[in-house]
Amino acid sequence: MEQSLNGKVVVVTGALGALGRGVVPALAARGAQVAVVDRAPAQALEGAALVSGDVDLASPEAAQRVLADVASRLGGIDAVVNLAGGFRWETVEAGDIATWDLLYGLNLKTALVTTKAALPHLLARAATQGGGRIVNVGAAAAARAGLGMGAYAASKAGVARLTESLAEELKDRGITVNAVLPSILDTPANRADMPDADFTRWVQPAQLAAVIAFLIGAEAQAVTGALIPVTGRV
Ligand SMILES: NC(=O)c1ccc[n+]([C@@H]2O[C@H](COP(=O)([O-])OP(=O)(O)OC[C@H]3O[C@@H](n4cnc5c(N)ncnc54)[C@H](OP(=O)(O)O)[C@@H]3O)[C@@H](O)[C@H]2O)c1
């Protein structure tokens with residue numbers, strides 16, 4: 001495969017989850033040095049140069065510490081991919097108000113906190129080598145919430161708005177900010193939740209990884225503030 005990300009240091013958050021297992025090897029295969037940061041305990045992951053576990057990325061102090069560590073061990077940071085997140089389905093009537101805070105924390109706050117902690121490193125690299133990148137994972141479902149999807153869609157809509165405003169903020173500073181918006185990923189959890197679905201219609205993690213790799217690569221230099229649906233045949 002073409003080494004389109006040769007030597008780039010890419011931090012991928014939440015990469016010990018289902019999507020990360022597809023994204024990390026795909027970025028490494030394109031030549032990236034991938035640092036994984038997750039709240040889950042550290043474990044070996046194919047393609048990862050570094051794995052930092054037990055890190056809560058809702059904490060600014062924890063995020064600053066781990067990103068400084070990655071930058072010093074791998075020589076800087078070129079890109080951040082914010083995969084950390086989560087999902088709950090519940091109606092307003094039967095659901096818990098705390099779920100709205102929970103999903104805000106999981107999906108929007110982790111992206112915001114990680115990005116803010118990464119910015120000094122990305123700006124330092126962009127100034128000398130050009131081409132800093134931030135890629136967020138939103139959700140196609142955030143455009144219009146379905147039944148039981150209010151809290152999730154609101155939190156992912158927040159990710160979309162963060163992406164847009166940060167893209168404007170950084171567009172003269174050499175850093176692009178984009179989001180991919182998956183529909184349903186083919187993951188073990190989704191297969192267990194929807195056993196009768198046609199899994200071939202869903203998005204494969206490797207397919208989403210290819211779009212993320214494009215956004216990190218040099219050919220996407222002119223793309224910023226984009227919200228890109230990656231919806232397979234859903
Ligand atoms: N699966 C889908 O169909 C789908 C569709 C659209 C969008 N997405 C988005 O794609 C991303 C990845 O999804 P996935 O299916 O791979 O989810 P996943 O399997 O649940 O993995 C998410 C990972 O993020 C970690 N994480 C959560 N909160 C964190 C925090 N505060 N600090 C650090 N790490 C944290 C989780 O750790 P814990 O296990 O400890 O919580 C987990 O390892 C998410 O943003 C999700 O919303 C997924």
# chains A, B, ... in the order shown; residues from 1 in each chain; ligands from 1
call {"tool": "residues_around", "arguments": {"residues": "Leu106 (chain A)", "least_positions_apart": "5", "cutoff": "10 Å", "atoms": "only C-alpha atoms", "output": "MDAnalysis selection string"}}
result
chainID A and resid 56:58 84:87 100:101 111 152 155:156
call {"tool": "closest_atom_pairs", "arguments": {"of": "region 31-87 of chain A", "to": "region 128-132 of chain A", "cutoff": "9 Å", "atoms": "only C-alpha atoms", "output": "Markdown table"}}
result
| residue | atom | partner | partner_atom | distance |
| --- | --- | --- | --- | --- |
| A:Ile77 | CA | A:Gly132 | CA | 8.2 |
| A:Asp78 | CA | A:Gly132 | CA | 5.2 |
| A:Ala79 | CA | A:Gly132 | CA | 5.7 |
| A:Val80 | CA | A:Gly132 | CA | 8.6 |
call {"tool": "closest_atom_pairs", "arguments": {"of": "region 116-168 of chain A", "to": "region 230-234 of chain A", "cutoff": "12 Å", "atoms": "only C-alpha atoms", "output": "tab-separated table"}}
result
residue	atom	partner	partner_atom	distance
A:Val137	CA	A:Val230	CA	10.4
A:Gly138	CA	A:Val230	CA	10.2
A:Ala139	CA	A:Val230	CA	8.9
A:Ala140	CA	A:Thr231	CA	7.3
A:Ala141	CA	A:Thr231	CA	10.0
call {"tool": "residues_around", "arguments": {"residues": "region 22-33 of chain A", "least_positions_apart": "3", "cutoff": "6 Å", "atoms": "only C-alpha atoms", "output": "VMD selection string"}}
result
chain A and resid 3 to 9 19 46 to 47 49 205 to 206 209
call {"tool": "write_last_selection", "arguments": {"atoms": "N, CA and C atoms", "output": "compact mmCIF listing (two decimals), in the first residue's frame"}}
result
# COMPACT_ATOMS: atom_id res chain seq x y z
N GLN A 3 2.51 4.57 1.03
CA GLN A 3 2.80 5.04 2.39
C GLN A 3 2.40 6.52 2.50
N SER A 4 1.11 6.81 2.34
CA SER A 4 0.66 8.20 2.23
C SER A 4 0.77 8.98 3.54
N LEU A 5 0.92 8.27 4.65
CA LEU A 5 1.03 8.97 5.95
C LEU A 5 2.42 8.75 6.55
N ASN A 6 3.39 8.55 5.68
CA ASN A 6 4.72 8.18 6.14
C ASN A 6 5.27 9.10 7.23
N GLY A 7 5.57 8.53 8.41
CA GLY A 7 6.20 9.29 9.47
C GLY A 7 5.28 10.18 10.26
N LYS A 8 4.02 10.31 9.86
CA LYS A 8 3.09 11.18 10.61
C LYS A 8 2.79 10.55 11.97
N VAL A 9 2.82 11.38 13.01
CA VAL A 9 2.41 10.89 14.34
C VAL A 9 0.93 11.21 14.52
N LEU A 19 -14.27 0.46 16.58
CA LEU A 19 -13.82 1.19 15.40
C LEU A 19 -12.29 1.31 15.37
N GLU A 46 -2.92 -4.08 17.26
CA GLU A 46 -2.21 -4.16 15.97
C GLU A 46 -2.05 -2.77 15.36
N GLY A 47 -0.84 -2.40 15.05
CA GLY A 47 -0.58 -1.13 14.38
C GLY A 47 -0.22 0.01 15.32
N ALA A 49 1.92 2.17 17.85
CA ALA A 49 3.30 2.35 18.32
C ALA A 49 3.32 2.56 19.83
N PRO A 205 -15.44 -0.89 9.50
CA PRO A 205 -14.44 0.01 10.09
C PRO A 205 -13.31 0.37 9.12
N ALA A 206 -12.90 -0.58 8.29
CA ALA A 206 -11.81 -0.29 7.34
C ALA A 206 -12.24 0.75 6.31
N ALA A 209 -12.02 3.99 8.05
CA ALA A 209 -10.58 4.27 8.22
C ALA A 209 -9.99 4.88 6.96
call {"tool": "atom_distance", "arguments": {"atom1": "atom 4 (C, counted along the ligand's line) of ligand 1", "atom2": "CA of Ala213 (chain A)"}}
result
17.7 Å
call {"tool": "select_by_dssp", "arguments": {"residues": "region 5-76 of chain A", "states": "alpha helix (DSSP H)", "output": "ChimeraX atom specification"}}
result
/A:18-29,60-74
call {"tool": "atom_distance", "arguments": {"atom1": "CA of Arg65 (chain A)", "atom2": "CA of Lys116 (chain A)"}}
result
12.2 Å
call {"tool": "closest_residue", "arguments": {"among": "A:Ser59, A:Thr91, A:Gln207, A:Thr224", "to": "Ala179 (chain A)", "atoms": "only C-alpha atoms"}}
result
A:Thr224
call {"tool": "decode", "arguments": {"residues": "region 64-99 of chain A", "atoms": "N, CA, C and O atoms", "output": "PDB file, in the first residue's frame"}}
result
ATOM      1  N   GLN A  64      -3.813  16.655  28.858  1.00  0.00           N
ATOM      2  CA  GLN A  64      -2.555  17.387  28.651  1.00  0.00           C
ATOM      3  C   GLN A  64      -1.348  16.501  28.948  1.00  0.00           C
ATOM      4  O   GLN A  64      -0.372  16.493  28.203  1.00  0.00           O
ATOM      5  N   ARG A  65      -1.460  15.735  30.042  1.00  0.00           N
ATOM      6  CA  ARG A  65      -0.346  14.861  30.447  1.00  0.00           C
ATOM      7  C   ARG A  65      -0.057  13.820  29.370  1.00  0.00           C
ATOM      8  O   ARG A  65       1.077  13.626  28.962  1.00  0.00           O
ATOM      9  N   VAL A  66      -1.107  13.150  28.901  1.00  0.00           N
ATOM     10  CA  VAL A  66      -0.876  12.041  27.975  1.00  0.00           C
ATOM     11  C   VAL A  66      -0.402  12.556  26.613  1.00  0.00           C
ATOM     12  O   VAL A  66       0.466  11.943  25.978  1.00  0.00           O
ATOM     13  N   LEU A  67      -0.901  13.704  26.177  1.00  0.00           N
ATOM     14  CA  LEU A  67      -0.461  14.209  24.875  1.00  0.00           C
ATOM     15  C   LEU A  67       0.971  14.732  24.933  1.00  0.00           C
ATOM     16  O   LEU A  67       1.735  14.574  23.975  1.00  0.00           O
ATOM     17  N   ALA A  68       1.340  15.315  26.065  1.00  0.00           N
ATOM     18  CA  ALA A  68       2.742  15.739  26.216  1.00  0.00           C
ATOM     19  C   ALA A  68       3.655  14.513  26.203  1.00  0.00           C
ATOM     20  O   ALA A  68       4.743  14.535  25.596  1.00  0.00           O
ATOM     21  N   ASP A  69       3.207  13.439  26.820  1.00  0.00           N
ATOM     22  CA  ASP A  69       3.985  12.200  26.844  1.00  0.00           C
ATOM     23  C   ASP A  69       4.141  11.635  25.423  1.00  0.00           C
ATOM     24  O   ASP A  69       5.240  11.253  25.008  1.00  0.00           O
ATOM     25  N   VAL A  70       3.035  11.595  24.679  1.00  0.00           N
ATOM     26  CA  VAL A  70       3.093  11.095  23.292  1.00  0.00           C
ATOM     27  C   VAL A  70       4.059  11.956  22.476  1.00  0.00           C
ATOM     28  O   VAL A  70       4.920  11.444  21.745  1.00  0.00           O
ATOM     29  N   ALA A  71       3.917  13.287  22.604  1.00  0.00           N
ATOM     30  CA  ALA A  71       4.765  14.190  21.802  1.00  0.00           C
ATOM     31  C   ALA A  71       6.237  13.986  22.136  1.00  0.00           C
ATOM     32  O   ALA A  71       7.092  13.985  21.240  1.00  0.00           O
ATOM     33  N   SER A  72       6.539  13.781  23.426  1.00  0.00           N
ATOM     34  CA  SER A  72       7.961  13.631  23.752  1.00  0.00           C
ATOM     35  C   SER A  72       8.472  12.254  23.322  1.00  0.00           C
ATOM     36  O   SER A  72       9.604  12.134  22.874  1.00  0.00           O
ATOM     37  N   ARG A  73       7.624  11.238  23.365  1.00  0.00           N
ATOM     38  CA  ARG A  73       8.112   9.898  22.985  1.00  0.00           C
ATOM     39  C   ARG A  73       8.172   9.699  21.468  1.00  0.00           C
ATOM     40  O   ARG A  73       9.030   8.974  20.973  1.00  0.00           O
ATOM     41  N   LEU A  74       7.256  10.323  20.727  1.00  0.00           N
ATOM     42  CA  LEU A  74       7.231  10.093  19.272  1.00  0.00           C
ATOM     43  C   LEU A  74       7.710  11.312  18.474  1.00  0.00           C
ATOM     44  O   LEU A  74       7.696  11.311  17.254  1.00  0.00           O
ATOM     45  N   GLY A  75       8.121  12.374  19.189  1.00  0.00           N
ATOM     46  CA  GLY A  75       8.755  13.502  18.493  1.00  0.00           C
ATOM     47  C   GLY A  75       7.804  14.566  17.983  1.00  0.00           C
ATOM     48  O   GLY A  75       8.159  15.366  17.109  1.00  0.00           O
ATOM     49  N   GLY A  76       6.569  14.602  18.516  1.00  0.00           N
ATOM     50  CA  GLY A  76       5.593  15.617  18.096  1.00  0.00           C
ATOM     51  C   GLY A  76       4.267  14.955  17.787  1.00  0.00           C
ATOM     52  O   GLY A  76       4.122  13.730  17.940  1.00  0.00           O
ATOM     53  N   ILE A  77       3.288  15.770  17.384  1.00  0.00           N
ATOM     54  CA  ILE A  77       1.969  15.236  17.003  1.00  0.00           C
ATOM     55  C   ILE A  77       1.517  15.952  15.728  1.00  0.00           C
ATOM     56  O   ILE A  77       1.468  17.185  15.681  1.00  0.00           O
ATOM     57  N   ASP A  78       1.198  15.168  14.708  1.00  0.00           N
ATOM     58  CA  ASP A  78       0.719  15.725  13.437  1.00  0.00           C
ATOM     59  C   ASP A  78      -0.799  15.726  13.334  1.00  0.00           C
ATOM     60  O   ASP A  78      -1.367  16.553  12.618  1.00  0.00           O
ATOM     61  N   ALA A  79      -1.434  14.756  13.966  1.00  0.00           N
ATOM     62  CA  ALA A  79      -2.884  14.625  13.777  1.00  0.00           C
ATOM     63  C   ALA A  79      -3.528  13.979  14.997  1.00  0.00           C
ATOM     64  O   ALA A  79      -2.905  13.185  15.698  1.00  0.00           O
ATOM     65  N   VAL A  80      -4.779  14.368  15.220  1.00  0.00           N
ATOM     66  CA  VAL A  80      -5.580  13.747  16.286  1.00  0.00           C
ATOM     67  C   VAL A  80      -6.883  13.248  15.670  1.00  0.00           C
ATOM     68  O   VAL A  80      -7.547  13.988  14.935  1.00  0.00           O
ATOM     69  N   VAL A  81      -7.215  12.012  15.968  1.00  0.00           N
ATOM     70  CA  VAL A  81      -8.480  11.430  15.505  1.00  0.00           C
ATOM     71  C   VAL A  81      -9.311  11.119  16.746  1.00  0.00           C
ATOM     72  O   VAL A  81      -8.929  10.267  17.558  1.00  0.00           O
ATOM     73  N   ASN A  82     -10.420  11.827  16.900  1.00  0.00           N
ATOM     74  CA  ASN A  82     -11.242  11.679  18.104  1.00  0.00           C
ATOM     75  C   ASN A  82     -12.327  10.629  17.885  1.00  0.00           C
ATOM     76  O   ASN A  82     -13.414  10.932  17.401  1.00  0.00           O
ATOM     77  N   LEU A  83     -11.988   9.384  18.257  1.00  0.00           N
ATOM     78  CA  LEU A  83     -12.961   8.284  18.158  1.00  0.00           C
ATOM     79  C   LEU A  83     -13.694   8.057  19.468  1.00  0.00           C
ATOM     80  O   LEU A  83     -14.746   7.407  19.470  1.00  0.00           O
ATOM     81  N   ALA A  84     -13.117   8.490  20.587  1.00  0.00           N
ATOM     82  CA  ALA A  84     -13.724   8.189  21.900  1.00  0.00           C
ATOM     83  C   ALA A  84     -15.174   8.666  21.893  1.00  0.00           C
ATOM     84  O   ALA A  84     -15.473   9.775  21.438  1.00  0.00           O
ATOM     85  N   GLY A  85     -16.045   7.825  22.366  1.00  0.00           N
ATOM     86  CA  GLY A  85     -17.454   8.192  22.376  1.00  0.00           C
ATOM     87  C   GLY A  85     -18.302   7.026  22.838  1.00  0.00           C
ATOM     88  O   GLY A  85     -17.765   6.010  23.287  1.00  0.00           O
ATOM     89  N   GLY A  86     -19.588   7.198  22.728  1.00  0.00           N
ATOM     90  CA  GLY A  86     -20.473   6.125  23.168  1.00  0.00           C
ATOM     91  C   GLY A  86     -21.905   6.399  22.766  1.00  0.00           C
ATOM     92  O   GLY A  86     -22.219   7.465  22.212  1.00  0.00           O
ATOM     93  N   PHE A  87     -22.765   5.454  23.054  1.00  0.00           N
ATOM     94  CA  PHE A  87     -24.152   5.481  22.564  1.00  0.00           C
ATOM     95  C   PHE A  87     -25.104   5.002  23.664  1.00  0.00           C
ATOM     96  O   PHE A  87     -24.774   4.082  24.407  1.00  0.00           O
ATOM     97  N   ARG A  88     -26.246   5.630  23.773  1.00  0.00           N
ATOM     98  CA  ARG A  88     -27.355   5.111  24.590  1.00  0.00           C
ATOM     99  C   ARG A  88     -28.633   5.376  23.811  1.00  0.00           C
ATOM    100  O   ARG A  88     -28.758   6.430  23.178  1.00  0.00           O
ATOM    101  N   TRP A  89     -29.551   4.441  23.862  1.00  0.00           N
ATOM    102  CA  TRP A  89     -30.871   4.643  23.261  1.00  0.00           C
ATOM    103  C   TRP A  89     -31.870   4.723  24.405  1.00  0.00           C
ATOM    104  O   TRP A  89     -31.951   3.795  25.224  1.00  0.00           O
ATOM    105  N   GLU A  90     -32.600   5.820  24.512  1.00  0.00           N
ATOM    106  CA  GLU A  90     -33.692   5.857  25.482  1.00  0.00           C
ATOM    107  C   GLU A  90     -34.651   6.994  25.143  1.00  0.00           C
ATOM    108  O   GLU A  90     -34.257   8.030  24.594  1.00  0.00           O
ATOM    109  N   THR A  91     -35.917   6.753  25.462  1.00  0.00           N
ATOM    110  CA  THR A  91     -36.906   7.798  25.227  1.00  0.00           C
ATOM    111  C   THR A  91     -36.813   8.842  26.335  1.00  0.00           C
ATOM    112  O   THR A  91     -36.259   8.583  27.415  1.00  0.00           O
ATOM    113  N   VAL A  92     -37.358  10.004  26.067  1.00  0.00           N
ATOM    114  CA  VAL A  92     -37.372  11.061  27.088  1.00  0.00           C
ATOM    115  C   VAL A  92     -38.250  10.620  28.263  1.00  0.00           C
ATOM    116  O   VAL A  92     -37.880  10.773  29.439  1.00  0.00           O
ATOM    117  N   GLU A  93     -39.412  10.022  27.952  1.00  0.00           N
ATOM    118  CA  GLU A  93     -40.359   9.663  29.013  1.00  0.00           C
ATOM    119  C   GLU A  93     -39.785   8.621  29.974  1.00  0.00           C
ATOM    120  O   GLU A  93     -39.855   8.781  31.187  1.00  0.00           O
ATOM    121  N   ALA A  94     -39.189   7.579  29.431  1.00  0.00           N
ATOM    122  CA  ALA A  94     -38.683   6.492  30.286  1.00  0.00           C
ATOM    123  C   ALA A  94     -37.222   6.696  30.665  1.00  0.00           C
ATOM    124  O   ALA A  94     -36.705   6.002  31.545  1.00  0.00           O
ATOM    125  N   GLY A  95     -36.566   7.634  30.015  1.00  0.00           N
ATOM    126  CA  GLY A  95     -35.124   7.767  30.210  1.00  0.00           C
ATOM    127  C   GLY A  95     -34.761   8.652  31.393  1.00  0.00           C
ATOM    128  O   GLY A  95     -35.612   9.176  32.101  1.00  0.00           O
ATOM    129  N   ASP A  96     -33.452   8.780  31.553  1.00  0.00           N
ATOM    130  CA  ASP A  96     -32.896   9.496  32.700  1.00  0.00           C
ATOM    131  C   ASP A  96     -32.285  10.815  32.188  1.00  0.00           C
ATOM    132  O   ASP A  96     -31.553  10.809  31.184  1.00  0.00           O
ATOM    133  N   ILE A  97     -32.548  11.875  32.867  1.00  0.00           N
ATOM    134  CA  ILE A  97     -31.973  13.174  32.459  1.00  0.00           C
ATOM    135  C   ILE A  97     -30.443  13.099  32.463  1.00  0.00           C
ATOM    136  O   ILE A  97     -29.773  13.709  31.624  1.00  0.00           O
ATOM    137  N   ALA A  98     -29.904  12.278  33.363  1.00  0.00           N
ATOM    138  CA  ALA A  98     -28.438  12.168  33.463  1.00  0.00           C
ATOM    139  C   ALA A  98     -27.807  11.611  32.178  1.00  0.00           C
ATOM    140  O   ALA A  98     -26.617  11.825  31.922  1.00  0.00           O
ATOM    141  N   THR A  99     -28.593  10.902  31.378  1.00  0.00           N
ATOM    142  CA  THR A  99     -28.051  10.357  30.121  1.00  0.00           C
ATOM    143  C   THR A  99     -27.589  11.468  29.187  1.00  0.00           C
ATOM    144  O   THR A  99     -26.628  11.313  28.427  1.00  0.00           O
TER     145      THR A  99
END
